[in-house]
$ cat data.cif   # mmCIF, C-alpha atoms
data_structure
loop_
_atom_site.label_atom_id
_atom_site.label_comp_id
_atom_site.auth_asym_id
_atom_site.auth_seq_id
_atom_site.Cartn_x
_atom_site.Cartn_y
_atom_site.Cartn_z
CA MET J 1 2.50 -41.73 12.65
CA ILE J 2 4.88 -44.30 11.25
CA GLY J 3 2.84 -47.45 11.72
CA GLU J 4 0.58 -49.42 13.97
CA ILE J 5 0.98 -52.18 16.50
CA GLU J 6 -1.51 -54.80 17.51
CA THR J 7 -2.16 -54.91 21.27
CA GLY J 8 -4.53 -56.62 23.66
CA ALA J 9 -6.85 -53.64 23.25
CA GLY J 10 -6.64 -53.24 19.49
CA LYS J 11 -4.38 -51.19 17.25
CA VAL J 12 -2.12 -48.49 18.71
CA GLU J 13 -0.46 -45.82 16.57
CA LEU J 14 3.34 -45.90 16.47
CA LEU J 15 5.20 -42.58 16.42
CA SER J 16 8.71 -41.57 15.43
CA THR J 17 11.07 -40.27 18.13
CA ASP J 18 12.60 -37.87 15.62
CA LEU J 19 11.15 -34.42 15.15
CA ARG J 20 10.51 -33.55 11.51
CA PHE J 21 10.96 -30.15 9.89
CA ARG J 22 7.26 -29.49 10.38
CA ASP J 23 7.58 -30.20 14.12
CA GLN J 24 10.51 -27.78 14.35
CA VAL J 25 8.52 -25.07 12.57
CA GLY J 26 5.64 -25.75 14.98
CA ARG J 27 8.01 -25.41 17.94
CA ALA J 28 9.28 -22.08 16.64
CA ARG J 29 5.75 -20.79 15.99
CA ALA J 30 4.63 -21.87 19.48
CA ARG J 31 7.55 -19.86 20.91
CA LEU J 32 6.63 -16.77 18.92
CA GLY J 33 2.93 -16.15 19.26
CA SER J 34 -0.64 -17.18 19.77
CA PHE J 35 -0.12 -20.37 17.74
CA ARG J 36 0.90 -21.97 21.04
CA MET J 37 -2.74 -21.76 22.11
CA ARG J 38 -3.83 -24.24 19.42
CA TYR J 39 -0.77 -26.48 19.11
CA THR J 40 -2.35 -29.76 20.17
CA VAL J 41 -2.25 -33.51 19.63
CA ASN J 42 -5.14 -35.92 19.78
CA PRO J 43 -5.58 -37.37 23.29
CA SER J 44 -4.99 -41.11 22.89
CA LEU J 45 -2.57 -43.98 23.50
CA TYR J 46 0.54 -44.02 21.30
CA GLY J 47 3.63 -46.19 21.01
CA VAL J 48 7.30 -45.52 20.29
CA GLY J 49 9.91 -48.09 19.32
CA LYS J 50 8.56 -51.64 19.51
CA PRO J 51 6.47 -51.60 22.67
CA ASP J 52 5.00 -54.81 24.09
CA GLU J 53 2.95 -55.76 27.14
CA ASN J 54 5.93 -55.15 29.44
CA SER J 55 6.83 -51.69 28.15
CA PRO J 56 6.62 -48.63 30.41
CA VAL J 57 3.72 -46.19 30.05
CA PHE J 58 4.38 -42.44 30.12
CA VAL J 59 1.54 -40.02 30.69
CA SER J 60 1.60 -36.64 28.94
CA ALA J 61 -0.48 -33.57 28.07
CA ASN J 62 -1.94 -32.86 24.66
CA TYR J 63 0.15 -29.71 24.20
CA LYS J 64 2.32 -30.65 21.24
CA LEU J 65 5.35 -28.74 22.51
CA SER J 66 5.39 -30.92 25.68
CA PHE J 67 4.43 -34.05 23.79
CA ASP J 68 7.25 -33.63 21.24
CA LEU J 69 9.81 -33.15 24.03
CA LEU J 70 8.69 -36.45 25.57
CA ARG J 71 8.62 -38.27 22.21
CA ARG J 72 12.14 -37.07 21.39
CA SER J 73 13.43 -38.16 24.80
CA LEU J 74 12.19 -41.72 24.26
CA LYS J 75 14.64 -42.42 21.43
CA GLY J 76 15.83 -46.01 21.73
CA ILE J 77 13.17 -46.83 24.33
CA ASP J 78 10.15 -49.06 23.66
CA ALA J 79 7.25 -47.42 25.42
CA PHE J 80 3.64 -46.29 25.38
CA ILE J 81 2.54 -42.68 25.72
CA LEU J 82 -0.89 -41.96 27.20
CA VAL J 83 -1.93 -38.46 26.19
CA LEU J 84 -4.55 -36.79 28.39
CA ASP J 85 -6.89 -34.07 27.15
CA THR J 86 -5.52 -30.96 28.85
CA ARG J 87 -7.00 -28.65 26.19
CA GLY J 88 -3.57 -27.95 24.73
CA ILE J 89 -2.07 -26.77 28.02
CA ASN J 90 1.29 -28.01 29.34
CA VAL J 91 1.50 -30.54 32.18
CA TRP J 92 2.42 -28.18 35.02
CA CYS J 93 -0.20 -25.52 34.29
CA ALA J 94 -2.86 -28.12 33.50
CA ALA J 95 -2.12 -29.92 36.78
CA GLY J 96 -2.69 -26.65 38.65
CA LYS J 97 -6.08 -26.26 36.97
CA GLY J 98 -6.97 -29.93 37.36
CA THR J 99 -7.32 -30.76 33.65
CA PHE J 100 -4.20 -32.88 33.97
CA GLY J 101 -6.05 -34.61 36.75
CA THR J 102 -7.26 -37.74 38.46
CA GLU J 103 -10.59 -37.90 36.66
CA GLU J 104 -9.15 -37.39 33.18
CA LEU J 105 -6.37 -39.93 33.83
CA ILE J 106 -8.83 -42.61 34.96
CA LYS J 107 -11.03 -41.86 31.95
CA ARG J 108 -8.11 -42.22 29.51
CA ILE J 109 -6.91 -45.45 31.12
CA ARG J 110 -10.39 -46.87 30.52
CA LEU J 111 -10.90 -45.45 27.02
CA SER J 112 -7.55 -46.78 25.82
CA GLY J 113 -8.02 -50.19 27.40
CA LEU J 114 -4.56 -49.77 28.91
CA GLY J 115 -5.17 -52.63 31.33
CA ASP J 116 -5.32 -55.00 28.34
CA VAL J 117 -2.37 -53.37 26.53
CA VAL J 118 0.22 -53.90 29.26
CA ARG J 119 0.56 -56.63 31.86
CA HIS J 120 2.26 -54.53 34.53
CA ARG J 121 0.48 -51.83 36.56
CA ARG J 122 2.95 -48.94 36.50
CA LEU J 123 2.27 -45.45 35.19
CA VAL J 124 5.01 -42.87 34.84
CA ILE J 125 3.52 -39.42 35.46
CA PRO J 126 5.63 -36.29 34.95
CA GLN J 127 6.63 -34.99 38.37
CA LEU J 128 5.17 -31.55 37.65
CA GLY J 129 1.82 -33.21 36.96
CA ALA J 130 1.65 -34.32 40.61
CA PRO J 131 -0.56 -31.44 41.90
CA GLY J 132 -3.39 -32.68 39.67
CA ILE J 133 -3.17 -36.37 40.48
CA GLN J 134 -4.42 -38.19 43.56
CA ALA J 135 -2.10 -41.14 43.11
CA HIS J 136 -3.68 -43.37 45.77
CA PHE J 137 -7.13 -42.87 44.29
CA VAL J 138 -5.93 -43.73 40.77
CA GLU J 139 -4.48 -46.97 42.14
CA GLN J 140 -7.66 -47.78 44.03
CA VAL J 141 -9.84 -47.35 40.96
CA THR J 142 -7.64 -48.64 38.12
CA GLY J 143 -5.00 -50.77 39.81
CA PHE J 144 -2.25 -48.69 38.23
CA ARG J 145 0.43 -47.47 40.60
CA VAL J 146 1.75 -43.95 39.97
CA TYR J 147 5.50 -43.45 39.61
CA TYR J 148 6.66 -39.87 39.37
CA GLY J 149 9.11 -39.38 36.54
CA PRO J 150 11.76 -36.65 36.38
CA VAL J 151 10.95 -32.97 35.84
CA TYR J 152 12.80 -32.92 32.52
CA ALA J 153 11.98 -35.48 29.82
CA ARG J 154 15.66 -35.66 28.85
CA ASP J 155 16.36 -37.49 32.16
CA ILE J 156 13.92 -40.29 31.38
CA ALA J 157 16.49 -42.79 30.03
CA GLU J 158 18.56 -42.45 33.19
CA TYR J 159 15.43 -42.61 35.34
CA LEU J 160 14.54 -45.97 33.77
CA ARG J 161 18.10 -47.26 34.20
CA ASN J 162 17.84 -46.29 37.88
CA GLY J 163 14.78 -48.52 38.24
CA TYR J 164 12.10 -45.77 38.20
CA ARG J 165 14.02 -43.63 40.66
CA ALA J 166 14.76 -39.96 40.12
CA THR J 167 17.78 -38.32 41.73
CA GLN J 168 17.40 -35.05 43.64
CA GLY J 169 18.82 -33.28 40.61
CA MET J 170 16.12 -34.74 38.36
CA ARG J 171 13.50 -33.60 40.87
CA THR J 172 14.50 -29.96 40.89
CA VAL J 173 13.15 -27.30 38.56
CA ARG J 174 15.84 -25.10 37.10
CA PHE J 175 15.32 -21.84 35.34
CA SER J 176 18.61 -21.65 33.49
CA PHE J 177 19.81 -18.93 31.15
CA LYS J 178 18.71 -21.06 28.21
CA ASP J 179 15.29 -21.72 29.78
CA ARG J 180 14.83 -17.97 30.11
CA LEU J 181 16.22 -17.22 26.65
CA VAL J 182 13.62 -19.31 24.80
CA LEU J 183 10.88 -17.30 26.54
CA THR J 184 12.11 -13.89 25.35
CA PRO J 185 10.90 -14.00 21.70
CA ILE J 186 7.23 -14.19 22.66
CA GLU J 187 7.65 -11.40 25.21
CA THR J 188 9.15 -9.18 22.50
CA VAL J 189 6.69 -10.14 19.75
CA GLN J 190 3.76 -9.32 22.04
CA MET J 191 4.96 -5.71 22.08
CA GLY J 192 5.05 -5.48 18.26
CA LYS J 193 1.61 -4.02 17.66
CA PRO J 194 1.65 -1.44 20.46
CA PHE J 195 5.14 -0.44 19.33
CA LEU J 196 3.97 0.24 15.75
CA ILE J 197 1.14 2.42 17.03
CA TYR J 198 3.64 4.21 19.25
CA VAL J 199 6.06 4.83 16.33
CA LEU J 200 3.27 6.26 14.20
CA SER J 201 2.06 8.58 16.94
CA MET J 202 5.63 9.78 17.59
CA PHE J 203 6.15 10.67 13.93
CA VAL J 204 2.77 12.38 13.72
CA LEU J 205 3.42 14.35 16.92
CA PHE J 206 6.84 15.55 15.84
CA GLY J 207 6.10 15.84 12.13
CA LEU J 208 3.10 18.08 12.76
CA GLN J 209 4.03 21.67 11.94
CA PRO J 210 1.96 24.78 11.24
CA SER J 211 2.75 24.13 7.55
CA GLY J 212 1.61 20.48 7.58
CA ILE J 213 3.34 17.20 8.38
CA LEU J 214 7.06 17.43 7.68
CA PHE J 215 9.01 14.20 7.41
CA ARG J 216 12.31 15.87 8.34
CA ASP J 217 10.88 17.15 11.62
CA ALA J 218 9.19 13.83 12.31
CA LEU J 219 12.57 12.15 12.08
CA SER J 220 14.68 14.70 13.93
CA GLY J 221 12.15 15.12 16.72
CA GLY J 222 10.83 11.56 16.97
CA LEU J 223 13.77 9.26 16.25
CA ASP J 224 15.25 9.33 19.78
CA PHE J 225 11.88 8.49 21.27
CA VAL J 226 11.28 5.65 18.82
CA LEU J 227 14.71 4.13 19.54
CA LEU J 228 14.28 4.61 23.30
CA GLY J 229 10.94 2.81 23.06
CA ALA J 230 12.62 -0.07 21.24
CA VAL J 231 15.51 -0.45 23.69
CA SER J 232 13.12 -0.23 26.63
CA ILE J 233 11.07 -3.10 25.21
CA VAL J 234 14.30 -5.08 24.85
CA SER J 235 15.17 -4.12 28.43
CA GLY J 236 11.90 -5.43 29.85
CA ALA J 237 11.33 -8.39 27.54
CA VAL J 238 14.89 -9.68 27.05
CA LEU J 239 17.49 -8.13 29.37
CA THR J 240 15.46 -8.45 32.58
CA PRO J 241 14.55 -12.14 32.00
CA LEU J 242 18.15 -12.97 31.09
CA GLY J 243 19.64 -10.98 33.97
CA LEU J 244 17.13 -12.24 36.54
CA PRO J 245 19.68 -13.69 39.00
CA VAL J 246 21.98 -10.65 38.89
CA ILE J 247 19.64 -7.65 38.68
CA PRO J 248 18.96 -6.31 42.19
CA PHE J 249 15.57 -6.58 43.97
CA ARG J 250 13.16 -9.51 43.99
CA ALA J 251 10.13 -7.63 42.67
CA PHE J 252 9.99 -7.87 38.88
CA SER J 253 8.67 -4.31 38.58
CA LEU J 254 11.83 -3.09 40.35
CA LYS J 255 14.14 -5.37 38.35
CA GLY J 256 12.61 -3.99 35.14
CA LEU J 257 12.94 -0.44 36.44
CA VAL J 258 16.65 -0.92 37.23
CA SER J 259 17.33 -2.50 33.87
CA GLY J 260 15.36 0.27 32.12
CA LEU J 261 17.20 3.03 34.01
CA VAL J 262 20.56 1.58 32.99
CA VAL J 263 19.48 1.26 29.36
CA ALA J 264 18.04 4.80 29.30
CA ALA J 265 21.21 6.20 30.90
CA VAL J 266 23.45 4.42 28.40
CA TYR J 267 21.35 5.71 25.51
CA TYR J 268 21.34 9.23 26.89
CA PHE J 269 25.06 9.49 27.50
CA LEU J 270 26.12 7.72 24.29
CA LEU J 271 23.65 9.09 21.78
CA ILE J 272 22.20 12.30 23.16
CA GLY J 273 24.75 13.76 25.53
CA GLU J 274 24.37 17.11 27.15
CA SER J 275 23.44 18.80 23.92
CA GLY J 276 20.67 20.84 25.48
CA GLN J 277 17.69 18.70 24.50
CA GLY J 278 15.45 20.30 26.99
CA VAL J 279 14.30 19.42 30.45
CA PHE J 280 11.05 17.80 29.26
CA LYS J 281 12.86 15.33 27.03
CA ILE J 282 15.28 14.40 29.80
CA ALA J 283 12.37 13.85 32.17
CA ILE J 284 10.71 11.55 29.65
CA ILE J 285 13.92 9.60 29.08
CA PHE J 286 14.59 8.91 32.74
CA MET J 287 11.03 8.43 33.89
CA THR J 288 8.86 7.05 31.11
CA TYR J 289 11.20 4.50 29.55
CA PRO J 290 12.40 2.83 32.76
CA VAL J 291 8.74 2.54 33.78
CA LEU J 292 7.89 1.00 30.40
CA SER J 293 10.66 -1.54 30.99
CA SER J 294 9.28 -2.18 34.48
CA TYR J 295 5.80 -2.83 33.12
CA ILE J 296 7.03 -5.34 30.56
CA ALA J 297 9.27 -7.06 33.11
CA LEU J 298 6.35 -7.42 35.51
CA ASN J 299 4.49 -9.16 32.72
CA PHE J 300 7.25 -11.79 32.62
CA THR J 301 6.30 -13.07 36.08
CA GLY J 302 3.67 -15.18 34.33
CA ALA J 303 6.37 -17.05 32.43
CA THR J 304 8.58 -17.97 35.41
CA PRO J 305 8.33 -21.11 37.54
CA TYR J 306 8.90 -19.35 40.86
CA THR J 307 6.59 -16.35 41.11
CA SER J 308 3.06 -16.42 42.51
CA ILE J 309 -0.23 -14.69 41.83
CA SER J 310 -0.32 -13.49 45.43
CA GLY J 311 3.12 -11.92 44.94
CA VAL J 312 2.22 -10.26 41.66
CA LYS J 313 -0.92 -8.82 43.28
CA LYS J 314 1.24 -7.35 46.01
CA GLU J 315 3.53 -5.80 43.39
CA LEU J 316 0.59 -4.42 41.44
CA LYS J 317 -0.70 -2.64 44.51
CA TYR J 318 2.11 -0.11 44.30
CA ALA J 319 3.15 -0.59 40.66
CA LEU J 320 -0.21 0.01 38.99
CA PRO J 321 -0.79 3.51 40.48
CA CYS J 322 2.78 4.38 39.42
CA TYR J 323 2.16 3.17 35.88
CA ILE J 324 -1.03 5.20 35.58
CA LEU J 325 0.55 8.30 37.08
CA VAL J 326 3.62 8.09 34.85
CA SER J 327 1.47 7.52 31.75
CA ALA J 328 -0.49 10.67 32.49
CA ALA J 329 2.66 12.66 33.27
CA THR J 330 4.26 11.40 30.06
CA LEU J 331 1.39 12.70 27.95
CA VAL J 332 1.76 16.14 29.52
CA LEU J 333 5.55 16.06 29.10
CA PHE J 334 5.30 15.17 25.41
CA ILE J 335 2.94 18.08 24.82
CA LEU J 336 5.22 20.46 26.72
CA HIS J 337 8.25 19.17 24.80
CA LYS J 338 6.44 19.68 21.50
CA LEU J 339 5.37 23.20 22.43
CA LYS J 340 8.96 23.96 23.34
CA LEU J 341 10.16 22.71 19.94
CA LEU J 342 7.60 24.99 18.31
CA GLU J 343 9.00 27.78 20.50
CA LEU J 344 5.55 28.46 21.88
CA ILE J 345 6.81 28.21 25.47
CA MET E 346 26.96 -23.95 35.38
CA THR E 347 23.23 -23.52 35.50
CA ILE E 348 21.77 -21.27 38.12
CA THR E 349 19.48 -23.40 40.22
CA MET E 350 16.08 -22.36 41.44
CA THR E 351 17.25 -22.09 44.99
CA ARG E 352 19.10 -18.92 44.01
CA LEU E 353 16.06 -17.30 42.45
CA ARG E 354 13.61 -16.15 45.08
CA TYR E 355 10.46 -14.10 44.74
CA LEU E 356 8.96 -11.78 47.35
CA SER E 357 8.98 -12.89 50.98
CA ASP E 358 5.81 -13.88 52.76
CA VAL E 359 3.38 -13.88 49.83
CA VAL E 360 2.94 -17.63 49.47
CA SER E 361 -0.55 -19.00 50.09
CA LEU E 362 0.74 -22.51 50.85
CA THR E 363 -0.74 -24.26 53.87
CA LEU E 364 -0.06 -27.67 55.35
CA ASP E 365 -2.79 -29.63 57.11
CA ILE E 366 -0.61 -31.70 59.40
CA ASP E 367 -3.58 -33.73 60.72
CA ARG E 368 -4.03 -35.27 57.30
CA CYS E 369 -0.34 -36.19 56.87
CA THR E 370 0.19 -39.96 56.70
CA GLY E 371 3.94 -39.67 56.31
CA CYS E 372 3.90 -41.17 52.81
CA ARG E 373 6.62 -38.75 51.63
CA ARG E 374 5.04 -38.25 48.25
CA CYS E 375 4.85 -34.47 48.65
CA VAL E 376 8.56 -34.34 49.49
CA GLU E 377 9.23 -36.49 46.43
CA VAL E 378 7.34 -34.32 43.95
CA CYS E 379 8.03 -30.79 45.20
CA PRO E 380 10.27 -29.26 42.53
CA ARG E 381 11.65 -26.62 44.90
CA SER E 382 12.28 -28.61 48.09
CA VAL E 383 9.78 -26.58 50.08
CA LEU E 384 8.92 -29.60 52.25
CA ARG E 385 11.01 -32.02 54.25
CA MET E 386 10.44 -34.96 56.57
CA GLU E 387 10.88 -34.50 60.30
CA GLY E 388 10.55 -37.93 61.78
CA LYS E 389 7.36 -39.45 60.45
CA ARG E 390 5.72 -36.14 59.60
CA VAL E 391 6.30 -33.58 56.91
CA VAL E 392 7.15 -29.95 57.69
CA ILE E 393 7.49 -26.82 55.58
CA ALA E 394 11.22 -26.25 55.33
CA ASP E 395 11.14 -22.94 53.48
CA ARG E 396 7.89 -21.19 52.63
CA ASP E 397 9.43 -18.55 50.40
CA LEU E 398 11.27 -20.87 48.05
#
$ encode --input "data.cif" --output "structure tokens"
Amino acid sequence: MIGEIETGAGKVELLSTDLRFRDQVGRARARLGSFRMRYTVNPSLYGVGKPDENSPVFVSANYKLSFDLLRRSLKGIDAFILVLDTRGINVWCAAGKGTFGTEELIKRIRLSGLGDVVRHRRLVIPQLGAPGIQAHFVEQVTGFRVYYGPVYARDIAEYLRNGYRATQGMRTVRFSFKDRLVLTPIETVQMGKPFLIYVLSMFVLFGLQPSGILFRDALSGGLDFVLLGAVSIVSGAVLTPLGLPVIPFRAFSLKGLVSGLVVAAVYYFLLIGESGQGVFKIAIIFMTYPVLSSYIALNFTGATPYTSISGVKKELKYALPCYILVSAATLVLFILHKLKLLELI
Amino acid sequence: MTITMTRLRYLSDVVSLTLDIDRCTGCRRCVEVCPRSVLRMEGKRVVIADRDL
């Protein structure tokens, strides 16, 4: 908050269009973990620049990551921002669930006294908020006519210059390399805890000797598996999302499997070679790790703008039994591999 | 060059989208807001241009 402005409906908070260091840290934290679930702003009416009764009104969600993007895109524009209570969820997802919806919008228009703040009757709603809004009903009840703004907040200045008209380009959702890249940290971080447990169990399994736990054996026996686990996580959580348009197959479980197979093969031929590591180890390398990559890649469907629940369910129908089967087989293979190292079989 | 959504496609024939043509008033709003150009106008009515987009 950088000030206040007197309007026909009382004082309205003025906000800066520059993101501060704290906002940048918040953005980073929201991209990394569960902080994104409680990164919210207070639902209310705000102003940027020097808004008056003729200034445009932009509607947004109370997820601070979305809200900050909008705020930053309004640099040099005098406008109002009407923030709906979407329980900290972004516009598109909240529209699907109805929290970014007709009822909430009408309620916020009334609570803020928007009709007395501006003289015109135009509301700019983010295009992706459309599924939640019955535009004709909003107009009937409040008198405000809904204009659908561009998909990306960065196009807002041009949209206003065009006289509230978005070009086809502004209306299309892209899922560019950069869009996919910013989603990879959280996918990787999510695997942190299971990975630590996995590393510990590997070192215990391979360190365990008749004479106690030996660190040297833990390292020599377990290191390959630990590294393979790490590169498989990278394969599913980073390489598959980034390579989405070029990796064959449409099913994410198959894309992840392909990526994981390539990564496992590269690791095997570069770092292990045909040094007689045993048939059980080779089986684990070419079965377990690609399937791990597949599992993580399938998880990424939830982060894309073009997959569907119905599609993921269809994938799960064949993928889930495979995952369970491979998990069970992997356990057996690890035990067999260990017994072989102990020269018991 | 950014890779546009039209190049990324998910599985065929899994979409649950339906269009109730009897309720279409031809207002074009759905064509306007669809971020993947699934719908298009055919005369005064809207049609599904590509279900799997």
$ residues_around --input "data.cif" --residues "Val226 of chain J" --least-positions-apart "5" --cutoff "10 Å" --atoms "all atoms listed in the file" --output "VMD selection string"
chain J and resid 195 to 196 198 to 203 219 221 231 to 232
$ write_last_selection --input "data.cif" --atoms "C-alpha atoms" --output "JSON list (two decimals), in the coordinates of the input"
[["chain", "number", "residue", "atom", "x", "y", "z"],
["J", 195, "PHE", "CA", 5.14, -0.44, 19.33],
["J", 196, "LEU", "CA", 3.97, 0.24, 15.75],
["J", 198, "TYR", "CA", 3.64, 4.21, 19.25],
["J", 199, "VAL", "CA", 6.06, 4.83, 16.33],
["J", 200, "LEU", "CA", 3.27, 6.26, 14.20],
["J", 201, "SER", "CA", 2.06, 8.58, 16.94],
["J", 202, "MET", "CA", 5.63, 9.78, 17.59],
["J", 203, "PHE", "CA", 6.15, 10.67, 13.93],
["J", 219, "LEU", "CA", 12.57, 12.15, 12.08],
["J", 221, "GLY", "CA", 12.15, 15.12, 16.72],
["J", 231, "VAL", "CA", 15.51, -0.45, 23.69],
["J", 232, "SER", "CA", 13.12, -0.23, 26.63]]
$ atom_distance --input "data.cif" --atom1 "atom CA of Arg368 of chain E" --atom2 "atom CA of Trp92 of chain J"
24.3 Å
$ interface_residues --input "data.cif" --of "chain J" --to "chain E" --cutoff "10 Å" --atoms "all atoms listed in the file" --output "PyMOL selection string"
chain J and resi 126-131+135+148-151+166-179+244-246+249-252+301+305-315
$ residues_near_point --input "data.cif" --point "(4.7, -50.6, 29.9)" --cutoff "8 Å" --atoms "all atoms listed in the file" --output "list in words"
Pro51, Asp52, Glu53, Asn54, Ser55, Pro56, Val57, Ala79, Phe80, Val118, Arg119, His120, Arg121, Arg122 and Leu123 of chain J
$ resolve_selection --input "data.cif" --expression "the PyMOL selection byres ((chain J and resi 82) around 10)" --output "ChimeraX atom specification"
/J:43-47,57-62,79-81,83-85,105,108-109,112,114,123-125
$ resolve_selection --input "data.cif" --expression "the PyMOL selection byres ((chain J and resi 190) around 12)" --output "list in words"
Arg31, Leu32, Gly33, Ser34, Leu183, Thr184, Pro185, Ile186, Glu187, Thr188, Val189, Met191, Gly192, Lys193, Pro194, Phe195, Leu196, Ile233, Val234, Gly236, Ala237, Ile296, Asn299 and Phe300 of chain J
$ residues_near_point --input "data.cif" --point "(10.3, -29.5, 53.7)" --cutoff "9 Å" --atoms "all atoms listed in the file" --output "PDB file with C-alpha atoms, in the coordinates of the input"
ATOM      1  CA  CYS E 375       4.850 -34.470  48.650  1.00  0.00           C
ATOM      2  CA  VAL E 376       8.560 -34.340  49.490  1.00  0.00           C
ATOM      3  CA  CYS E 379       8.030 -30.790  45.200  1.00  0.00           C
ATOM      4  CA  SER E 382      12.280 -28.610  48.090  1.00  0.00           C
ATOM      5  CA  VAL E 383       9.780 -26.580  50.080  1.00  0.00           C
ATOM      6  CA  LEU E 384       8.920 -29.600  52.250  1.00  0.00           C
ATOM      7  CA  ARG E 385      11.010 -32.020  54.250  1.00  0.00           C
ATOM      8  CA  MET E 386      10.440 -34.960  56.570  1.00  0.00           C
ATOM      9  CA  GLU E 387      10.880 -34.500  60.300  1.00  0.00           C
ATOM     10  CA  VAL E 391       6.300 -33.580  56.910  1.00  0.00           C
ATOM     11  CA  VAL E 392       7.150 -29.950  57.690  1.00  0.00           C
ATOM     12  CA  ILE E 393       7.490 -26.820  55.580  1.00  0.00           C
ATOM     13  CA  ALA E 394      11.220 -26.250  55.330  1.00  0.00           C
ATOM     14  CA  ASP E 395      11.140 -22.940  53.480  1.00  0.00           C
ATOM     15  CA  ARG E 396       7.890 -21.190  52.630  1.00  0.00           C
TER      16      ARG E 396
END
$ atom_distance --input "data.cif" --atom1 "atom CA of Ala319 of chain J" --atom2 "atom CA of Lys338 of chain J"
28.1 Å
$ resolve_selection --input "data.cif" --expression "the PyMOL selection byres ((chain J and resi 205) around 12)" --output "VMD selection string"
chain J and resid 198 to 204 206 to 210 212 to 215 217 to 223 225 to 226 331 334 to 339 341 to 342
$ closest_residue --input "data.cif" --among "J:Phe269, J:Tyr152, J:Tyr295, J:Phe21" --to "Val91 of chain J" --atoms "all atoms listed in the file"
J:Tyr152
$ atom_distance --input "data.cif" --atom1 "atom CA of Leu261 of chain J" --atom2 "atom CA of Ile345 of chain J"
28.5 Å
$ residues_around --input "data.cif" --residues "Thr86 of chain J" --least-positions-apart "6" --cutoff "9 Å" --atoms "all atoms listed in the file" --output "list of chain:residue names"
J:Pro43, J:Ala61, J:Asn62, J:Tyr63, J:Ala94, J:Ala95, J:Gly98, J:Thr99, J:Phe100, J:Gly101, J:Glu104
$ closest_residue --input "data.cif" --among "J:Ile284, J:Val279, J:Leu228, J:Ala265" --to "Ser327 of chain J" --atoms "only C-alpha atoms"
J:Ile284
